[in-house]
$ cat input-v1.cif   # mmCIF, C-alpha atoms
data_upload
#
loop_
_atom_site.label_atom_id
_atom_site.label_comp_id
_atom_site.auth_asym_id
_atom_site.auth_seq_id
_atom_site.Cartn_x
_atom_site.Cartn_y
_atom_site.Cartn_z
CA MET A 216 11.57 -5.01 23.14
CA THR A 217 9.28 -7.21 21.09
CA ASP A 218 6.27 -9.29 22.09
CA SER A 219 6.57 -12.86 20.76
CA THR A 220 2.79 -13.31 21.04
CA LEU A 221 2.14 -10.70 18.36
CA PRO A 222 1.24 -12.14 14.95
CA LEU A 223 4.13 -10.31 13.25
CA ALA A 224 6.84 -11.47 15.64
CA SER A 225 9.58 -13.33 13.74
CA ARG A 226 7.73 -12.86 10.45
CA ARG A 227 9.34 -11.46 7.29
CA VAL A 228 7.41 -8.46 5.97
CA VAL A 229 8.10 -6.83 2.60
CA VAL A 230 7.19 -3.14 2.41
CA ILE A 231 7.18 -1.63 -1.06
CA GLY A 232 7.19 2.14 -0.98
CA ALA A 233 9.16 2.11 2.27
CA GLY A 234 10.63 5.52 1.45
CA SER A 235 7.24 7.25 1.68
CA ARG A 236 5.77 8.57 4.91
CA THR A 237 3.13 5.84 4.98
CA GLY A 238 5.63 3.14 4.03
CA ARG A 239 8.01 4.24 6.78
CA ALA A 240 5.19 4.16 9.31
CA LEU A 241 4.24 0.65 8.23
CA ALA A 242 7.85 -0.47 8.47
CA HIS A 243 8.19 1.03 11.96
CA ALA A 244 5.02 -0.69 13.18
CA ALA A 245 6.03 -4.09 11.79
CA SER A 246 9.57 -3.78 13.12
CA ALA A 247 8.33 -2.78 16.58
CA ALA A 248 6.12 -5.90 16.54
CA GLY A 249 9.17 -8.07 15.99
CA ALA A 250 9.11 -8.54 12.21
CA GLU A 251 12.13 -8.74 9.94
CA LEU A 252 11.76 -6.15 7.17
CA VAL A 253 12.57 -6.16 3.48
CA LEU A 254 12.30 -2.55 2.35
CA ALA A 255 11.76 -1.98 -1.36
CA GLY A 256 11.17 1.00 -3.60
CA PRO A 257 12.71 3.04 -6.39
CA ASP A 258 15.00 5.27 -4.29
CA PRO A 259 17.81 3.42 -2.45
CA ARG A 260 18.66 6.48 -0.34
CA LYS A 261 15.16 6.70 1.12
CA LEU A 262 15.16 2.96 1.78
CA GLU A 263 18.42 3.21 3.71
CA TRP A 264 17.02 6.14 5.67
CA THR A 265 14.01 4.07 6.71
CA ALA A 266 16.15 1.03 7.54
CA GLY A 267 18.36 3.14 9.79
CA GLU A 268 15.35 4.22 11.86
CA LEU A 269 14.02 0.74 12.61
CA PRO A 270 14.52 -1.07 15.92
CA GLY A 271 14.82 -4.49 14.27
CA PRO A 272 16.56 -6.13 11.32
CA ALA A 273 15.92 -4.75 7.85
CA ARG A 274 17.50 -4.91 4.43
CA THR A 275 16.85 -2.83 1.36
CA VAL A 276 16.17 -3.86 -2.23
CA PRO A 277 15.58 -1.28 -4.98
CA VAL A 278 12.67 -2.20 -7.25
CA ASP A 279 10.93 -0.79 -10.30
CA LEU A 280 7.39 -2.18 -10.53
CA ALA A 281 7.29 -1.39 -14.26
CA ASP A 282 10.26 -3.71 -14.88
CA GLU A 283 9.60 -7.44 -14.58
CA ALA A 284 13.29 -8.25 -14.24
CA SER A 285 13.47 -5.86 -11.29
CA VAL A 286 10.49 -7.54 -9.61
CA ALA A 287 12.07 -10.95 -10.21
CA ALA A 288 15.28 -9.68 -8.60
CA LEU A 289 13.27 -8.53 -5.58
CA ALA A 290 11.78 -12.01 -5.28
CA ALA A 291 15.24 -13.59 -5.43
CA ALA A 292 16.56 -11.21 -2.77
CA THR A 293 13.54 -11.68 -0.49
CA GLY A 294 13.31 -15.47 -0.30
CA ARG A 295 10.58 -16.91 1.90
CA PHE A 296 8.32 -14.23 3.39
CA ASP A 297 5.07 -13.89 5.30
CA HIS A 298 3.46 -10.62 4.29
CA LEU A 299 3.87 -8.05 1.53
CA VAL A 300 2.36 -4.58 1.48
CA SER A 301 2.71 -2.11 -1.37
CA THR A 302 1.89 1.56 -1.02
CA ALA A 303 3.07 2.25 -4.58
CA ALA A 304 1.28 5.03 -6.44
CA MET A 305 2.18 7.15 -9.43
CA PRO A 306 -0.78 9.43 -10.12
CA ALA A 307 -1.36 10.72 -13.65
CA ASN A 308 -3.69 13.59 -12.95
CA GLY A 309 -4.93 16.29 -15.28
CA PRO A 310 -7.51 16.97 -17.98
CA LEU A 311 -7.86 14.26 -20.60
CA ALA A 312 -6.51 16.59 -23.28
CA ASP A 313 -3.25 16.97 -21.37
CA LEU A 314 -2.60 13.33 -20.46
CA GLU A 315 0.61 11.73 -21.69
CA LEU A 316 0.60 8.00 -22.45
CA ALA A 317 3.89 7.50 -20.61
CA ASP A 318 2.34 8.92 -17.43
CA ILE A 319 -0.67 6.64 -17.81
CA HIS A 320 1.65 3.64 -18.16
CA ARG A 321 3.47 4.62 -14.94
CA ALA A 322 0.16 4.93 -13.09
CA PHE A 323 -0.90 1.46 -14.22
CA ALA A 324 2.55 0.06 -13.40
CA ALA A 325 2.18 1.13 -9.78
CA LYS A 326 -1.39 -0.05 -9.24
CA VAL A 327 -2.04 -2.86 -11.74
CA TYR A 328 1.00 -4.23 -13.59
CA GLY A 329 3.16 -4.07 -10.48
CA PRO A 330 0.77 -5.99 -8.20
CA LEU A 331 0.36 -8.61 -10.93
CA LEU A 332 4.13 -9.02 -11.25
CA LEU A 333 4.58 -9.11 -7.48
CA ALA A 334 2.03 -11.90 -7.22
CA LYS A 335 3.60 -13.76 -10.13
CA HIS A 336 7.13 -13.72 -8.76
CA LEU A 337 6.68 -13.67 -4.99
CA ALA A 338 3.59 -15.81 -4.38
CA PRO A 339 5.57 -19.06 -4.78
CA GLN A 340 7.76 -17.95 -1.86
CA ALA A 341 4.97 -16.98 0.53
CA ALA A 342 4.84 -18.82 3.86
CA THR A 343 1.37 -20.35 3.75
CA ASP A 344 2.08 -22.93 6.47
CA THR A 345 1.93 -20.57 9.47
CA PRO A 346 -1.16 -20.15 11.68
CA ASP A 347 -1.96 -16.67 10.33
CA GLY A 348 -0.92 -17.53 6.76
CA ALA A 349 0.62 -15.23 4.15
CA SER A 350 -0.79 -12.08 2.64
CA PHE A 351 -0.48 -9.37 0.02
CA THR A 352 -1.95 -5.94 0.81
CA PHE A 353 -2.11 -3.20 -1.82
CA PHE A 354 -3.24 0.43 -1.72
CA SER A 355 -6.26 1.50 -3.75
CA GLY A 356 -7.95 4.86 -3.13
CA ILE A 357 -11.19 6.77 -2.77
CA ALA A 358 -10.97 8.18 -6.32
CA ALA A 359 -12.33 4.87 -7.63
CA TRP A 360 -15.57 5.44 -5.70
CA ARG A 361 -15.65 9.24 -5.96
CA PRO A 362 -14.36 10.07 -9.46
CA ALA A 363 -13.70 13.70 -10.24
CA PRO A 364 -12.63 15.74 -13.26
CA ALA A 365 -8.91 15.47 -14.00
CA ARG A 366 -8.70 12.32 -11.85
CA THR A 367 -9.84 9.80 -14.47
CA VAL A 368 -6.62 7.77 -14.53
CA MET A 369 -6.44 7.70 -10.74
CA ALA A 370 -10.04 6.49 -10.52
CA THR A 371 -9.41 3.81 -13.14
CA THR A 372 -6.21 2.41 -11.66
CA ASN A 373 -7.61 2.34 -8.13
CA GLY A 374 -10.78 0.67 -9.36
CA ALA A 375 -8.82 -1.89 -11.36
CA LEU A 376 -6.78 -2.74 -8.28
CA ALA A 377 -9.94 -3.28 -6.23
CA PHE A 378 -11.07 -5.95 -8.70
CA LEU A 379 -7.55 -7.33 -9.08
CA VAL A 380 -7.33 -8.24 -5.40
CA GLN A 381 -10.48 -10.32 -5.75
CA ALA A 382 -9.08 -12.20 -8.73
CA LEU A 383 -5.71 -12.75 -7.06
CA ALA A 384 -7.35 -13.89 -3.84
CA VAL A 385 -8.89 -16.73 -5.85
CA GLU A 386 -5.91 -17.54 -8.04
CA ILE A 387 -3.13 -17.59 -5.44
CA ALA A 388 -5.18 -18.90 -2.51
CA PRO A 389 -4.57 -19.69 0.31
CA ILE A 390 -2.45 -16.54 0.22
CA ARG A 391 -4.77 -13.73 1.28
CA VAL A 392 -4.96 -10.66 -0.96
CA ASN A 393 -6.59 -7.41 0.16
CA ALA A 394 -6.51 -3.68 -0.52
CA VAL A 395 -6.65 -0.64 1.71
CA SER A 396 -8.46 2.33 0.18
CA PRO A 397 -7.56 5.61 1.88
CA GLY A 398 -9.71 8.69 1.73
CA ILE A 399 -8.27 12.11 2.50
CA VAL A 400 -5.39 11.31 4.85
CA ASP A 401 -2.76 13.72 6.13
CA THR A 402 0.26 11.82 4.84
CA GLY A 403 2.11 14.93 3.72
CA ALA A 404 0.61 14.73 0.24
CA TRP A 405 -1.38 17.90 0.91
CA ASP A 406 1.55 19.95 2.24
CA GLY A 407 1.83 21.67 -1.14
CA LEU A 408 -1.35 23.58 -0.29
CA GLY A 409 0.68 25.62 2.18
CA PRO A 410 -1.44 27.72 4.52
CA ASP A 411 -4.60 26.48 2.78
CA LYS A 412 -3.98 22.90 3.94
CA THR A 413 -5.64 23.33 7.35
CA ALA A 414 -8.79 24.81 5.85
CA PHE A 415 -8.94 22.09 3.20
CA LEU A 416 -8.64 19.26 5.74
CA ARG A 417 -11.24 20.94 7.96
CA SER A 418 -13.69 21.18 5.06
CA VAL A 419 -13.17 17.49 4.28
CA ALA A 420 -13.73 16.55 7.91
CA ASP A 421 -16.93 18.58 8.05
CA ARG A 422 -18.35 16.56 5.13
CA ASN A 423 -17.21 13.11 6.24
CA PRO A 424 -19.65 11.00 8.28
CA ALA A 425 -16.76 10.36 10.72
CA ARG A 426 -16.26 14.16 10.98
CA ARG A 427 -12.49 13.88 10.69
CA THR A 428 -9.74 13.32 8.18
CA GLY A 429 -7.41 10.38 8.32
CA THR A 430 -3.98 9.91 9.83
CA VAL A 431 -1.12 7.64 8.88
CA ASP A 432 -1.86 5.63 12.02
CA ASP A 433 -5.32 4.89 10.64
CA LEU A 434 -3.71 3.35 7.56
CA VAL A 435 -1.19 1.39 9.61
CA GLY A 436 -3.99 -0.10 11.70
CA ALA A 437 -5.91 -1.17 8.59
CA VAL A 438 -2.86 -2.79 7.01
CA ARG A 439 -2.05 -4.57 10.27
CA PHE A 440 -5.61 -5.94 10.32
CA ALA A 441 -5.36 -7.10 6.70
CA MET A 442 -2.03 -8.82 7.29
CA THR A 443 -2.96 -10.64 10.47
CA SER A 444 -6.63 -11.57 10.03
CA PRO A 445 -6.65 -15.11 8.62
CA PHE A 446 -10.32 -15.01 7.49
CA VAL A 447 -10.13 -11.80 5.46
CA THR A 448 -9.28 -11.97 1.75
CA GLY A 449 -10.41 -10.44 -1.52
CA THR A 450 -11.57 -7.38 0.39
CA VAL A 451 -11.14 -3.61 0.13
CA LEU A 452 -10.86 -1.92 3.53
CA HIS A 453 -12.17 1.63 3.15
CA VAL A 454 -10.23 3.90 5.47
CA ASP A 455 -11.96 7.10 4.43
CA GLY A 456 -14.18 8.20 7.30
CA GLY A 457 -17.13 7.42 5.07
CA GLY A 458 -15.89 9.95 2.53
CA ARG A 459 -17.01 7.86 -0.42
CA LEU A 460 -20.56 8.17 0.91
CA ALA A 461 -20.60 11.91 1.49
#
$ encode --input "input-v1.cif" --output "structure tokens"
Amino acid sequence: MTDSTLPLASRRVVVIGAGSRTGRALAHAASAAGAELVLAGPDPRKLEWTAGELPGPARTVPVDLADEASVAALAAATGRFDHLVSTAAMPANGPLADLELADIHRAFAAKVYGPLLLAKHLAPQAATDTPDGASFTFFSGIAAWRPAPARTVMATTNGALAFLVQALAVEIAPIRVNAVSPGIVDTGAWDGLGPDKTAFLRSVADRNPARRTGTVDDLVGAVRFAMTSPFVTGTVLHVDGGGRLA
């Protein structure tokens, strides 16, 4: 059952990265609120998996954010829409001496080139005539504010995206453009630590002013706020428990 009073009811929401855990959670929340979903990402199988889980209508469109023709095809397949959120990330981590240029290009494609191309091709189709307006929401990250060795590319791409949303918010106004910047969030990205994961997350929580690590629901709530708050644009929402301050 959907609630027609919710801001996302009967809206078309594009979720890029819908095959990831965070993307799936965002798609579920928007679908449960009555939105029609366009699920995009590089892996059609994961997109179909997400679509099959949703309570409402959804269609899938493969997209490669490093390929302008692919982004243009996404725009053509999407048509008029209300909100777009991209969780896309392709980290290029490691010491400077070991970095490969191709990996750096992929990292910038996910966080910088891709958002630029999405704005270029989809902004003309955004529904700016509704009460809550249209929006783009991208994912930055705490590395831009807490750089660390072997995370130089991650810090740079996330920082570039933080400034990009300000520039886009001016250029494609009245479409609202914002970013969500997660801190250490248990999205499954840390599962590779195995039995050390619990101790790692506990140590992060002990240092954070909020005294906890993040959950996927924390990210979903921030994105929902960014999409449906008509007076918020050009802003980075830090969902990090104050981790950038610790």
$ resolve_selection --input "input-v1.cif" --expression "the PyMOL selection byres ((chain A and resi 258-274) around 7)" --output "PyMOL selection string"
chain A and resi 233-234+239+243+246-247+249+251-257+275-277
$ closest_residue --input "input-v1.cif" --among "A:Leu314, A:Ile390, A:Leu331, A:Arg321" --to "Asp344 (chain A)" --atoms "all atoms listed in the file"
A:Ile390
$ closest_residue --input "input-v1.cif" --among "A:Gly356, A:Pro346, A:Gly458, A:Pro222" --to "Met442 (chain A)" --atoms "all atoms listed in the file"
A:Pro222
$ resolve_selection --input "input-v1.cif" --expression "the PyMOL selection byres ((chain A and resi 298) around 10)" --output "VMD selection string"
chain A and resid 223 226 to 230 250 252 295 to 297 299 to 300 341 to 343 348 to 352 390 to 392 441 to 443
$ resolve_selection --input "input-v1.cif" --expression "the PyMOL selection byres ((chain A and resi 366) around 12)" --output "PyMOL selection string"
chain A and resi 306-311+313-314+319+322+356-365+367-373
$ closest_residue --input "input-v1.cif" --among "A:Pro424, A:Phe415, A:Gly429, A:Leu452" --to "Ala394 (chain A)" --atoms "only C-alpha atoms"
A:Leu452
$ closest_residue --input "input-v1.cif" --among "A:Gln381, A:His453, A:Lys412, A:Ala248" --to "Ala224 (chain A)" --atoms "only C-alpha atoms"
A:Ala248
$ atom_distance --input "input-v1.cif" --atom1 "CA of Asp433 (chain A)" --atom2 "CA of Leu332 (chain A)"
27.6 Å
$ atom_distance --input "input-v1.cif" --atom1 "CA of Pro389 (chain A)" --atom2 "CA of Asp432 (chain A)"
28.0 Å
$ atom_distance --input "input-v1.cif" --atom1 "CA of Ala425 (chain A)" --atom2 "CA of Ile399 (chain A)"
11.9 Å
$ decode --input "input-v1.cif" --residues "region 325-337 of chain A" --atoms "all heavy atoms" --output "compact mmCIF listing (two decimals), in the first residue's frame"
# COMPACT_ATOMS: atom_id res chain seq x y z
N ALA A 325 33.08 7.77 -12.34
CA ALA A 325 31.98 7.52 -11.41
C ALA A 325 31.56 8.77 -10.66
O ALA A 325 30.36 9.03 -10.46
CB ALA A 325 32.38 6.43 -10.42
N LYS A 326 32.53 9.59 -10.26
CA LYS A 326 32.24 10.69 -9.33
C LYS A 326 32.21 12.08 -9.97
O LYS A 326 31.63 13.00 -9.40
CB LYS A 326 33.30 10.72 -8.22
CG LYS A 326 33.32 9.50 -7.32
CD LYS A 326 32.27 9.58 -6.25
CE LYS A 326 32.46 8.50 -5.21
NZ LYS A 326 31.51 8.62 -4.08
N VAL A 327 32.84 12.23 -11.14
CA VAL A 327 32.93 13.57 -11.74
C VAL A 327 32.39 13.57 -13.17
O VAL A 327 31.41 14.27 -13.47
CB VAL A 327 34.39 14.08 -11.72
CG1 VAL A 327 34.45 15.51 -12.28
CG2 VAL A 327 34.95 14.05 -10.30
N TYR A 328 33.01 12.81 -14.07
CA TYR A 328 32.54 12.81 -15.46
C TYR A 328 31.08 12.33 -15.53
O TYR A 328 30.25 12.92 -16.25
CB TYR A 328 33.39 11.90 -16.35
CG TYR A 328 34.87 12.07 -16.25
CD1 TYR A 328 35.73 10.99 -16.47
CD2 TYR A 328 35.46 13.30 -15.94
CE1 TYR A 328 37.10 11.13 -16.38
CE2 TYR A 328 36.83 13.44 -15.85
CZ TYR A 328 37.65 12.35 -16.06
OH TYR A 328 39.01 12.46 -15.97
N GLY A 329 30.78 11.25 -14.81
CA GLY A 329 29.44 10.70 -14.85
C GLY A 329 28.38 11.69 -14.40
O GLY A 329 27.39 11.91 -15.11
N PRO A 330 28.52 12.30 -13.22
CA PRO A 330 27.55 13.31 -12.81
C PRO A 330 27.40 14.46 -13.80
O PRO A 330 26.28 14.95 -14.04
CB PRO A 330 28.10 13.79 -11.46
CG PRO A 330 28.78 12.59 -10.91
CD PRO A 330 29.42 11.93 -12.10
N LEU A 331 28.51 14.89 -14.40
CA LEU A 331 28.42 15.94 -15.42
C LEU A 331 27.58 15.47 -16.61
O LEU A 331 26.72 16.21 -17.12
CB LEU A 331 29.81 16.33 -15.90
CG LEU A 331 30.58 17.32 -15.03
CD1 LEU A 331 32.04 17.35 -15.42
CD2 LEU A 331 29.97 18.72 -15.13
N LEU A 332 27.83 14.25 -17.07
CA LEU A 332 27.08 13.73 -18.22
C LEU A 332 25.61 13.50 -17.87
O LEU A 332 24.72 13.74 -18.70
CB LEU A 332 27.72 12.43 -18.71
CG LEU A 332 29.10 12.55 -19.34
CD1 LEU A 332 29.67 11.18 -19.65
CD2 LEU A 332 29.04 13.41 -20.61
N LEU A 333 25.35 13.04 -16.65
CA LEU A 333 23.96 12.86 -16.24
C LEU A 333 23.22 14.19 -16.24
O LEU A 333 22.07 14.27 -16.69
CB LEU A 333 23.92 12.22 -14.84
CG LEU A 333 24.35 10.76 -14.77
CD1 LEU A 333 24.57 10.34 -13.32
CD2 LEU A 333 23.33 9.85 -15.44
N ALA A 334 23.86 15.22 -15.71
CA ALA A 334 23.23 16.54 -15.71
C ALA A 334 23.02 17.04 -17.14
O ALA A 334 21.97 17.60 -17.48
CB ALA A 334 24.07 17.52 -14.91
N LYS A 335 24.02 16.84 -17.99
CA LYS A 335 23.93 17.31 -19.37
C LYS A 335 22.75 16.68 -20.11
O LYS A 335 21.97 17.38 -20.78
CB LYS A 335 25.23 16.99 -20.11
CG LYS A 335 25.18 17.29 -21.61
CD LYS A 335 26.49 16.89 -22.30
CE LYS A 335 26.40 17.11 -23.81
NZ LYS A 335 27.67 16.72 -24.49
N HIS A 336 22.59 15.37 -19.96
CA HIS A 336 21.61 14.65 -20.77
C HIS A 336 20.24 14.51 -20.12
O HIS A 336 19.24 14.41 -20.83
CB HIS A 336 22.16 13.27 -21.15
CG HIS A 336 23.27 13.33 -22.15
ND1 HIS A 336 23.05 13.53 -23.50
CD2 HIS A 336 24.62 13.25 -21.99
CE1 HIS A 336 24.22 13.56 -24.13
NE2 HIS A 336 25.17 13.40 -23.25
N LEU A 337 20.19 14.50 -18.78
CA LEU A 337 18.90 14.29 -18.14
C LEU A 337 18.25 15.54 -17.59
O LEU A 337 17.03 15.57 -17.41
CB LEU A 337 19.02 13.24 -17.02
CG LEU A 337 18.99 11.79 -17.53
CD1 LEU A 337 20.37 11.29 -17.84
CD2 LEU A 337 18.29 10.87 -16.55
